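Source file: data06.txt (compact mmCIF, C-alpha atoms and all ligand atoms)
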```
# COMPACT_ATOMS: atom_id res chain seq x y z
CA MET A 1 38.65 -3.45 19.65
CA SER A 2 34.91 -2.76 19.79
CA LYS A 3 32.65 -4.29 17.20
CA ILE A 4 32.20 -2.48 13.87
CA ARG A 5 28.59 -1.53 13.36
CA ALA A 6 26.80 0.21 10.51
CA ALA A 7 25.75 3.73 11.49
CA ILE A 8 23.30 5.83 9.55
CA THR A 9 25.39 8.95 8.98
CA GLY A 10 22.83 10.78 6.86
CA VAL A 11 19.29 10.51 5.60
CA GLN A 12 17.47 12.34 2.84
CA GLY A 13 14.05 12.03 1.26
CA TYR A 14 12.24 13.18 -1.81
CA VAL A 15 8.55 13.37 -2.58
CA PRO A 16 7.18 14.68 -5.88
CA ASP A 17 5.34 18.01 -6.00
CA TYR A 18 1.89 16.86 -7.03
CA ILE A 19 -0.41 16.27 -4.05
CA LEU A 20 -3.39 13.94 -4.40
CA THR A 21 -5.88 14.81 -1.67
CA ASN A 22 -8.76 12.79 -0.27
CA GLU A 23 -11.09 15.36 -1.79
CA GLU A 24 -9.67 14.69 -5.25
CA LEU A 25 -10.06 10.93 -4.73
CA GLU A 26 -13.74 11.54 -3.92
CA LYS A 27 -14.10 12.58 -7.57
CA LEU A 28 -12.45 9.39 -8.85
CA VAL A 29 -14.07 6.67 -6.72
CA ASP A 30 -16.93 6.22 -4.28
CA THR A 31 -15.15 7.27 -1.11
CA ASN A 32 -14.93 10.21 1.24
CA ASP A 33 -12.43 12.06 3.38
CA GLU A 34 -14.06 10.92 6.63
CA TRP A 35 -13.80 7.21 5.68
CA ILE A 36 -10.20 7.47 4.50
CA THR A 37 -9.07 9.50 7.50
CA SER A 38 -10.76 7.35 10.12
CA ARG A 39 -9.86 3.98 8.53
CA THR A 40 -6.27 4.78 7.52
CA GLY A 41 -5.08 8.15 8.87
CA ILE A 42 -4.23 9.37 5.35
CA LYS A 43 -5.12 12.88 4.18
CA GLU A 44 -2.96 13.22 1.09
CA ARG A 45 -0.19 11.53 -0.87
CA HIS A 46 2.37 12.74 -3.42
CA ILE A 47 2.26 11.50 -7.00
CA LEU A 48 5.08 11.55 -9.55
CA LYS A 49 3.80 13.00 -12.82
CA GLY A 50 5.76 13.29 -16.03
CA GLU A 51 6.45 11.12 -19.04
CA GLY A 52 9.22 8.59 -18.54
CA LEU A 53 9.89 9.35 -14.88
CA GLY A 54 10.23 6.25 -12.73
CA THR A 55 11.38 5.37 -9.23
CA SER A 56 14.99 6.21 -10.15
CA PHE A 57 14.01 9.86 -10.65
CA MET A 58 12.98 10.15 -6.99
CA ALA A 59 15.86 7.97 -5.78
CA VAL A 60 18.41 10.15 -7.59
CA LYS A 61 16.96 13.29 -5.97
CA ALA A 62 17.17 11.66 -2.53
CA VAL A 63 20.72 10.38 -3.02
CA GLN A 64 22.00 13.67 -4.46
CA GLY A 65 20.64 15.47 -1.39
CA LEU A 66 22.20 12.81 0.83
CA LEU A 67 25.64 13.22 -0.75
CA ASP A 68 25.44 17.02 -0.43
CA LYS A 69 24.50 16.99 3.22
CA THR A 70 27.05 14.33 4.21
CA ASN A 71 29.81 15.89 2.11
CA THR A 72 30.30 12.64 0.25
CA LYS A 73 31.57 12.35 -3.32
CA ALA A 74 29.63 9.99 -5.58
CA GLU A 75 32.88 8.14 -6.45
CA GLU A 76 33.37 7.28 -2.78
CA ILE A 77 30.27 5.07 -2.67
CA ASP A 78 31.04 1.35 -2.60
CA LEU A 79 27.56 -0.09 -2.92
CA ILE A 80 24.01 1.06 -3.70
CA ILE A 81 21.08 -1.12 -2.65
CA CYS A 82 17.81 0.08 -4.10
CA CYS A 83 14.81 -1.38 -2.30
CA THR A 84 11.79 -1.09 -4.55
CA THR A 85 8.74 -2.92 -5.81
CA THR A 86 8.35 -0.54 -8.74
CA PRO A 87 11.73 -0.58 -10.50
CA ASP A 88 12.03 1.62 -13.59
CA MET A 89 12.22 -1.58 -15.66
CA VAL A 90 12.35 -5.32 -15.01
CA PHE A 91 16.03 -4.93 -15.85
CA PRO A 92 18.53 -3.36 -15.60
CA ALA A 93 18.36 -2.76 -11.86
CA THR A 94 17.21 0.68 -10.75
CA ALA A 95 20.26 0.82 -8.46
CA ASN A 96 22.47 0.80 -11.58
CA LEU A 97 20.45 3.61 -13.17
CA VAL A 98 20.83 5.68 -10.01
CA ALA A 99 24.58 5.00 -9.86
CA ALA A 100 25.03 6.11 -13.47
CA GLU A 101 22.95 9.25 -12.96
CA ILE A 102 24.79 10.42 -9.84
CA GLY A 103 28.26 9.41 -11.07
CA ALA A 104 28.91 6.61 -8.56
CA THR A 105 31.48 5.10 -10.88
CA GLN A 106 33.17 2.92 -8.25
CA ALA A 107 29.97 1.42 -6.85
CA PHE A 108 28.22 -1.81 -7.64
CA GLY A 109 24.50 -1.97 -7.01
CA TYR A 110 21.44 -4.13 -7.02
CA ASP A 111 17.73 -3.97 -6.37
CA LEU A 112 16.04 -5.65 -3.45
CA GLN A 113 12.36 -6.50 -3.57
CA ALA A 114 10.58 -7.15 -0.30
CA ALA A 115 7.54 -4.92 -0.84
CA CYS A 116 6.77 -2.78 2.22
CA SER A 117 9.56 -4.42 4.24
CA GLY A 118 12.08 -3.61 1.51
CA PHE A 119 13.93 -0.91 3.38
CA LEU A 120 14.33 -3.10 6.48
CA TYR A 121 15.72 -5.94 4.37
CA GLY A 122 18.02 -3.47 2.61
CA LEU A 123 19.26 -1.90 5.81
CA ALA A 124 19.97 -5.31 7.33
CA THR A 125 21.75 -6.44 4.15
CA GLY A 126 23.74 -3.23 3.72
CA SER A 127 24.84 -3.27 7.33
CA GLN A 128 26.46 -6.70 6.82
CA PHE A 129 28.85 -5.30 4.21
CA ILE A 130 29.89 -2.63 6.71
CA GLU A 131 30.16 -4.93 9.75
CA THR A 132 32.48 -7.33 7.96
CA GLY A 133 34.80 -4.42 7.20
CA ARG A 134 34.46 -5.05 3.47
CA TYR A 135 32.97 -1.65 2.57
CA LYS A 136 32.99 1.85 4.05
CA LYS A 137 30.13 3.67 2.30
CA VAL A 138 26.89 1.91 1.48
CA VAL A 139 23.79 3.76 0.27
CA VAL A 140 20.44 2.11 0.97
CA ILE A 141 17.50 3.55 -0.94
CA GLY A 142 13.83 2.80 -0.26
CA GLY A 143 11.51 4.16 -2.90
CA ASP A 144 8.44 3.39 -4.92
CA LYS A 145 6.31 4.95 -7.60
CA MET A 146 3.19 3.14 -6.44
CA SER A 147 1.00 5.26 -8.72
CA SER A 148 2.46 3.28 -11.64
CA ILE A 149 0.73 0.08 -10.47
CA ILE A 150 -2.43 1.46 -8.88
CA ASN A 151 -5.87 1.35 -10.45
CA TYR A 152 -7.47 4.72 -9.73
CA GLN A 153 -10.88 3.11 -10.15
CA ASP A 154 -10.28 0.68 -7.27
CA ARG A 155 -11.17 2.36 -4.00
CA ALA A 156 -9.71 -0.54 -1.99
CA THR A 157 -6.18 0.42 -3.05
CA CYS A 158 -6.03 3.88 -4.64
CA ILE A 159 -6.70 5.71 -1.38
CA ILE A 160 -3.72 4.13 0.38
CA PHE A 161 -0.65 4.45 -1.79
CA GLY A 162 1.65 7.32 -2.73
CA ASP A 163 5.04 7.93 -4.34
CA GLY A 164 8.31 8.85 -2.63
CA ALA A 165 11.87 7.79 -1.87
CA GLY A 166 14.36 8.05 0.93
CA ALA A 167 18.03 7.13 1.19
CA VAL A 168 20.52 6.60 4.00
CA LEU A 169 24.30 6.48 4.06
CA LEU A 170 25.79 3.64 6.10
CA GLU A 171 29.32 3.98 7.44
CA PRO A 172 31.33 1.99 9.99
CA THR A 173 31.48 3.03 13.62
CA THR A 174 32.95 1.54 16.77
CA SER A 175 31.06 3.98 19.00
CA GLY A 176 28.39 1.44 19.91
CA ASN A 177 25.77 3.22 17.80
CA GLY A 178 24.33 1.87 14.54
CA VAL A 179 22.38 -1.26 13.66
CA GLN A 180 22.24 -3.47 16.77
CA ASP A 181 19.93 -6.31 15.80
CA PHE A 182 17.34 -7.39 13.25
CA ILE A 183 14.62 -9.96 12.79
CA LEU A 184 13.38 -10.54 9.24
CA LYS A 185 10.53 -12.85 8.26
CA SER A 186 8.64 -13.92 5.15
CA ASP A 187 5.79 -16.20 4.13
CA GLY A 188 5.03 -16.72 0.45
CA LYS A 189 1.49 -17.85 1.23
CA GLY A 190 0.69 -14.16 1.52
CA GLU A 191 0.67 -14.01 -2.27
CA ALA A 192 -3.04 -14.74 -2.28
CA TYR A 193 -3.85 -11.51 -0.47
CA LEU A 194 -1.46 -8.93 -1.92
CA ARG A 195 0.10 -9.10 -5.35
CA MET A 196 0.38 -7.77 -8.86
CA LYS A 197 -0.54 -10.82 -10.90
CA ALA A 198 0.76 -10.03 -14.39
CA GLY A 199 3.88 -8.51 -15.89
CA GLY A 200 6.31 -11.09 -14.50
CA SER A 201 7.41 -14.39 -16.04
CA ARG A 202 4.30 -16.26 -14.90
CA TYR A 203 1.88 -14.01 -16.75
CA PRO A 204 3.80 -11.75 -19.14
CA ALA A 205 1.94 -8.72 -20.44
CA THR A 206 -0.68 -9.46 -23.09
CA LEU A 207 -3.70 -7.56 -24.31
CA GLU A 208 -5.78 -9.86 -22.09
CA THR A 209 -3.79 -9.22 -18.92
CA VAL A 210 -4.08 -5.49 -19.50
CA GLN A 211 -7.82 -5.70 -20.14
CA ALA A 212 -8.25 -7.83 -16.99
CA LYS A 213 -6.45 -5.07 -15.02
CA GLU A 214 -3.85 -7.57 -13.81
CA HIS A 215 -1.00 -5.05 -13.90
CA TYR A 216 -2.42 -3.31 -10.86
CA VAL A 217 -2.04 -4.04 -7.15
CA PHE A 218 -4.63 -6.47 -5.87
CA GLN A 219 -5.15 -6.36 -2.12
CA ASP A 220 -7.55 -8.17 0.17
CA GLY A 221 -7.27 -5.35 2.66
CA ALA A 222 -9.04 -6.93 5.59
CA MET A 223 -6.90 -10.10 5.43
CA VAL A 224 -3.66 -8.15 5.05
CA PHE A 225 -4.72 -5.94 7.93
CA LYS A 226 -5.23 -8.99 10.16
CA PHE A 227 -1.78 -10.44 9.38
CA ALA A 228 -0.12 -7.01 9.57
CA VAL A 229 -1.50 -6.12 13.00
CA THR A 230 -0.41 -9.42 14.52
CA ASN A 231 2.98 -9.83 12.89
CA MET A 232 4.25 -6.27 12.99
CA ALA A 233 3.31 -5.96 16.65
CA GLU A 234 4.87 -9.33 17.56
CA VAL A 235 8.16 -8.78 15.74
CA ALA A 236 8.57 -5.31 17.25
CA TYR A 237 7.90 -6.75 20.69
CA SER A 238 10.28 -9.69 20.10
CA ILE A 239 13.22 -7.48 19.19
CA MET A 240 12.65 -5.42 22.33
CA GLN A 241 12.54 -8.58 24.45
CA ARG A 242 15.66 -10.01 22.85
CA ASN A 243 17.58 -6.78 23.60
CA ASN A 244 16.17 -6.27 27.10
CA LEU A 245 14.46 -3.04 26.12
CA THR A 246 11.38 -1.64 27.81
CA ALA A 247 9.12 1.07 26.39
CA ASP A 248 11.01 3.62 28.50
CA ASP A 249 14.24 2.75 26.69
CA ILE A 250 12.76 3.48 23.26
CA ALA A 251 13.15 6.99 21.86
CA TYR A 252 11.07 6.29 18.74
CA LEU A 253 9.09 3.60 17.02
CA VAL A 254 9.69 3.98 13.27
CA PRO A 255 6.82 2.05 11.72
CA HIS A 256 5.93 1.32 8.12
CA GLN A 257 3.14 3.73 7.26
CA ALA A 258 0.37 1.53 5.85
CA ASN A 259 -2.47 2.24 8.22
CA LYS A 260 -2.57 4.33 11.40
CA ARG A 261 -4.53 1.54 13.12
CA ILE A 262 -1.72 -0.99 12.45
CA ILE A 263 0.80 1.49 13.85
CA ASP A 264 -1.31 2.05 16.97
CA ALA A 265 -1.64 -1.71 17.56
CA THR A 266 2.14 -2.12 17.26
CA ALA A 267 2.80 0.72 19.70
CA ALA A 268 0.31 -0.79 22.16
CA ARG A 269 2.01 -4.22 22.01
CA MET A 270 5.35 -2.52 22.71
CA GLY A 271 3.85 -0.69 25.69
CA LEU A 272 4.50 2.70 24.10
CA THR A 273 1.91 5.04 25.53
CA ASP A 274 3.55 8.33 24.55
CA GLU A 275 2.38 9.10 21.01
CA ASN A 276 5.25 11.57 20.62
CA LYS A 277 7.51 8.50 20.45
CA ILE A 278 5.82 7.23 17.28
CA MET A 279 7.09 8.55 13.98
CA LEU A 280 4.10 9.37 11.84
CA ASN A 281 3.80 10.92 8.41
CA ILE A 282 1.12 8.73 6.86
CA HIS A 283 -1.28 11.70 6.77
CA LYS A 284 0.87 13.51 4.20
CA TYR A 285 2.54 10.74 2.18
CA GLY A 286 0.21 7.71 2.47
CA ASN A 287 1.88 4.33 1.95
CA THR A 288 5.01 4.76 -0.18
CA THR A 289 5.90 1.04 0.28
CA SER A 290 9.74 0.88 0.50
CA GLY A 291 9.87 4.63 1.06
CA THR A 292 7.95 4.94 4.32
CA ILE A 293 10.71 4.24 6.86
CA PRO A 294 13.49 6.39 5.36
CA LEU A 295 10.94 9.19 4.82
CA CYS A 296 10.05 8.96 8.53
CA LEU A 297 13.73 9.15 9.53
CA TRP A 298 14.13 12.17 7.22
CA ASP A 299 11.12 13.97 8.66
CA TYR A 300 12.18 13.35 12.28
CA GLU A 301 15.95 13.69 11.80
CA SER A 302 16.17 17.04 13.60
CA LYS A 303 14.58 15.53 16.73
CA LEU A 304 16.94 12.56 16.94
CA LYS A 305 19.80 12.50 19.42
CA THR A 306 22.97 10.42 19.46
CA GLY A 307 22.35 7.14 21.25
CA ASP A 308 18.55 7.21 20.79
CA ASN A 309 17.12 3.70 20.63
CA LEU A 310 14.90 3.28 17.56
CA ILE A 311 12.76 0.29 16.62
CA LEU A 312 12.06 0.14 12.89
CA THR A 313 9.32 -2.25 11.85
CA ALA A 314 7.26 -3.12 8.78
CA PHE A 315 4.83 -5.59 7.26
CA GLY A 316 3.96 -5.99 3.61
CA GLY A 317 3.46 -8.01 0.46
CA GLY A 318 5.02 -11.43 0.29
CA PHE A 319 4.20 -11.57 3.10
CA THR A 320 7.35 -9.97 4.47
CA TRP A 321 7.88 -8.41 7.85
CA GLY A 322 10.55 -7.57 10.36
CA ALA A 323 12.11 -5.21 12.87
CA ILE A 324 15.47 -3.54 13.33
CA TYR A 325 16.92 -2.18 16.55
CA LEU A 326 19.09 0.84 15.73
CA LYS A 327 21.03 3.24 17.93
CA TRP A 328 21.01 6.62 16.25
CA GLY A 329 24.27 8.46 15.69
CA LYS A 330 27.67 8.01 14.14
O1 LIG B 401 1.58 -1.82 3.16
C1 LIG B 401 1.33 -3.09 2.65
C2 LIG B 401 0.43 -3.84 3.50
N1 LIG B 401 -0.90 -3.31 3.43
C3 LIG B 401 -1.53 -3.01 4.55
O2 LIG B 401 -1.00 -3.13 5.62
C4 LIG B 401 -2.98 -2.59 4.41
C5 LIG B 401 -3.83 -3.35 5.39
N2 LIG B 401 -5.24 -3.12 5.22
C6 LIG B 401 -5.83 -1.92 5.50
O3 LIG B 401 -5.17 -0.97 5.83
C7 LIG B 401 -7.33 -1.87 5.48
O4 LIG B 401 -7.83 -3.16 5.34
C8 LIG B 401 -7.93 -0.96 4.38
C9 LIG B 401 -7.63 0.50 4.68
C10 LIG B 401 -7.35 -1.33 3.03
C11 LIG B 401 -9.44 -1.13 4.32
O5 LIG B 401 -9.97 -0.85 5.61
P1 LIG B 401 -10.94 -1.89 6.32
O6 LIG B 401 -11.36 -1.27 7.56
O7 LIG B 401 -10.25 -3.21 6.41
O8 LIG B 401 -12.13 -1.95 5.32
P2 LIG B 401 -12.78 -3.23 4.60
O9 LIG B 401 -11.98 -3.60 3.41
O10 LIG B 401 -13.09 -4.30 5.63
O11 LIG B 401 -14.15 -2.61 4.15
C12 LIG B 401 -15.13 -2.10 5.09
C13 LIG B 401 -16.22 -1.39 4.30
C14 LIG B 401 -16.74 -2.20 3.13
O12 LIG B 401 -18.11 -1.90 2.98
P3 LIG B 401 -19.24 -2.88 3.53
O13 LIG B 401 -18.99 -4.19 2.85
O14 LIG B 401 -19.01 -2.95 5.01
O15 LIG B 401 -20.48 -2.20 3.14
C15 LIG B 401 -15.98 -1.67 1.96
O16 LIG B 401 -16.65 -1.84 0.74
O17 LIG B 401 -15.68 -0.19 3.73
C16 LIG B 401 -15.90 -0.20 2.32
N3 LIG B 401 -14.76 0.47 1.70
C17 LIG B 401 -14.72 1.80 1.47
N4 LIG B 401 -15.61 2.76 1.72
C18 LIG B 401 -15.27 4.02 1.40
C19 LIG B 401 -13.58 -0.07 1.27
N5 LIG B 401 -12.79 0.89 0.77
C20 LIG B 401 -13.47 2.04 0.88
C21 LIG B 401 -13.18 3.37 0.55
N6 LIG B 401 -14.10 4.33 0.82
N7 LIG B 401 -12.01 3.74 -0.02
```
Can you give me the file's structure in the form of structure tokens?
Amino acid sequence: MSKIRAAITGVQGYVPDYILTNEELEKLVDTNDEWITSRTGIKERHILKGEGLGTSFMAVKAVQGLLDKTNTKAEEIDLIICCTTTPDMVFPATANLVAAEIGATQAFGYDLQAACSGFLYGLATGSQFIETGRYKKVVVIGGDKMSSIINYQDRATCIIFGDGAGAVLLEPTTSGNGVQDFILKSDGKGEAYLRMKAGGSRYPATLETVQAKEHYVFQDGAMVFKFAVTNMAEVAYSIMQRNNLTADDIAYLVPHQANKRIIDATAARMGLTDENKIMLNIHKYGNTTSGTIPLCLWDYESKLKTGDNLILTAFGGGFTWGAIYLKWGK
């Protein structure tokens, strides 16, 4: 019998209505549309407004849409993995809140935190439960409400991030499609360059931590950029090498959307010269952290054909990075 693999049998995204444009950011910080566009590729991002709405609000919308389009009942779901850096609360897990809201009464769930590589880690993890034959329907969510941890007076970070969520349904297949291979990496020394210092057990929230603005993302952009360019490009290239793939074999690169220049460097290392083979939506969503890759798959879903070879790759806080080789289709 052929090997059981985890196929993505549906994908759905959700971005909130409010659009924060570069022009509006010009009124908040000393920046301009030309700088943001040329240095990052971002034109606008979506922001979740509304009292008491967290990442689960967007995740629920994405999962409800996913269940509708795949004709799946909530009670059929075995497992929900919610990849997020901005959970609704420290606990309980956002995955549990989503399960309760959608009526996934038979599912267990947990959150997975790997910053911008979260969805890759979640997809690799979820696929293991399918490959072993243990479970038949696994939902992997990637979503973040980055606006909840961004200082809109810090031009080094506020121009980059946005809010959004995407979700995929994983089901077993013996067709040869599905997740083929993955490489996941991490290096905790990256903490110095990208972190939110307070709010965890090391520095719980106090008046002082709030006044020192330590509940916001701190990023040494230039350093992160340097590590991101090298590592994302190398890991994407490595997974191609390991699977004997050339650029001609790749239908799409599905890159984390942090900076158009990092994406271009990754494509160049892979030998991808056709820009139509690079999924890109950074201009309209910015960097939604765990949300970028499922939102790309959602946006490009109608163009994807059964058997298409996709390389998913990301780099982010931790540091964390990785790549997944996926054959599209059931
Ligand atoms: O997804 C998680 C992982 N994160 C990433 O992958 C992000 C990686 N880093 C980046 O994408 C880029 O480093 C940024 C977009 C964050 C910044 O771009 P950069 O080209 O690395 O700029 P920089 O920080 O080296 O700053 C260059 C100049 C500086 O001015 P001086 O010192 O040359 O006069 C900055 O002060 O640009 C200035 N600058 C800005 N100017 C206008 C920094 N931010 C802005 C801004 N608007 N928003």
Surrounding residues of stretch 155-168 of chain A excluding itself and chain neighbours under 4 positions, 7 Å, all atoms listed in the file, as a PyMOL selection string: chain A and resi 8+10-16+29-31+45-48+58-59+62-63+139-147+150-151+219+285-288+291+294-295
Near-A:Ala233 list (8 Å; all atoms listed in the file; drop same-chain fewer than 2 positions) as a list in words: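 Everything that qualifies: Ala228, Val229, Thr230, Asn231, Val235, Ala236, Tyr237, Ala265, Thr266, Ala267, Arg269 and Met270 of chain A.
Rounded to one decimal, atom CA of A:Glu208 and atom CA of A:Gly317 lie 24.4 Å from each other.
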Residues within 10 Å of A:Phe129, all atoms listed in the file, excluding chain neighbours under 4 positions, as a PyMOL selection string: chain A and resi 5-6+78-79+124-125+133-138+170-172
Selected residue, from A:Thr320, A:Thr40, A:Gln241, A:Ser127, that lies nearest to ligand LIG 401 (chain B) when counting all atoms listed in the file: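 Smallest separation from ligand LIG 401 (chain B) among the options: A:Thr40.
For the choices A:Lys284, A:Arg195, A:Lys185, A:Lys3, the atom-to-atom distance to ligand LIG 401 (chain B) is smallest for A:Arg195 when using only C-alpha atoms and all ligand atoms.
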Shortest interatomic distance to A:Ala7 - which of A:Pro87, A:Pro255, A:Gly126, A:Gly41, counting only C-alpha atoms: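 The answer is A:Gly126, which sits nearest to A:Ala7.
In this comparison, which uses only C-alpha atoms, the residue of A:Val98, A:Ala268, A:Met223, A:Ile239 approaching A:Gln64 most closely is A:Val98.
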Minimum-distance residue to A:Val210, chosen among A:Ala251, A:Asp88, A:Lys189, A:Met196 (using all atoms listed in the file):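 Nearest to A:Val210: A:Met196.
Atom CA of A:Leu20 sits 5.6 Å away from atom CA of A:Glu44.
The interatomic distance for the pair atom CA of A:Ile250 and atom CA of A:Trp328 works out to 11.3 Å.
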Go ahead and find all residues with at least one atom no further than 6 Å from (30.9, -1.3, 20.5) in the file's coordinates, using only C-alpha atoms; report them as a PDB file with C-alpha atoms, in the frame of the given file.
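Below is the file that was written, out.pdb:
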```
ATOM      1  CA  SER A   2      34.910  -2.760  19.790  1.00  0.00           C
ATOM      2  CA  LYS A   3      32.650  -4.290  17.200  1.00  0.00           C
ATOM      3  CA  THR A 174      32.950   1.540  16.770  1.00  0.00           C
ATOM      4  CA  SER A 175      31.060   3.980  19.000  1.00  0.00           C
ATOM      5  CA  GLY A 176      28.390   1.440  19.910  1.00  0.00           C
TER       6      GLY A 176
END
```
Which residue of A:Phe57, A:Phe108, A:Tyr18, A:Phe319 approaches ligand LIG 401 (chain B) most closely, using all atoms listed in the file: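 Smallest distance to ligand LIG 401 (chain B) is found for A:Phe319.
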Within 7 Å of A:Leu312 using only C-alpha atoms, minus same-chain residues under 4 positions, as a PyMOL selection string: chain A and resi 253-255+323-325
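Contact shell of A:Ile282 at 8 Å (all atoms listed in the file; same-chain neighbours under 5 positions omitted): A:Gly41, A:Ile42, A:Lys43, A:Gln257, A:Ala258, A:Asn259, A:Lys260, A:Asn287.
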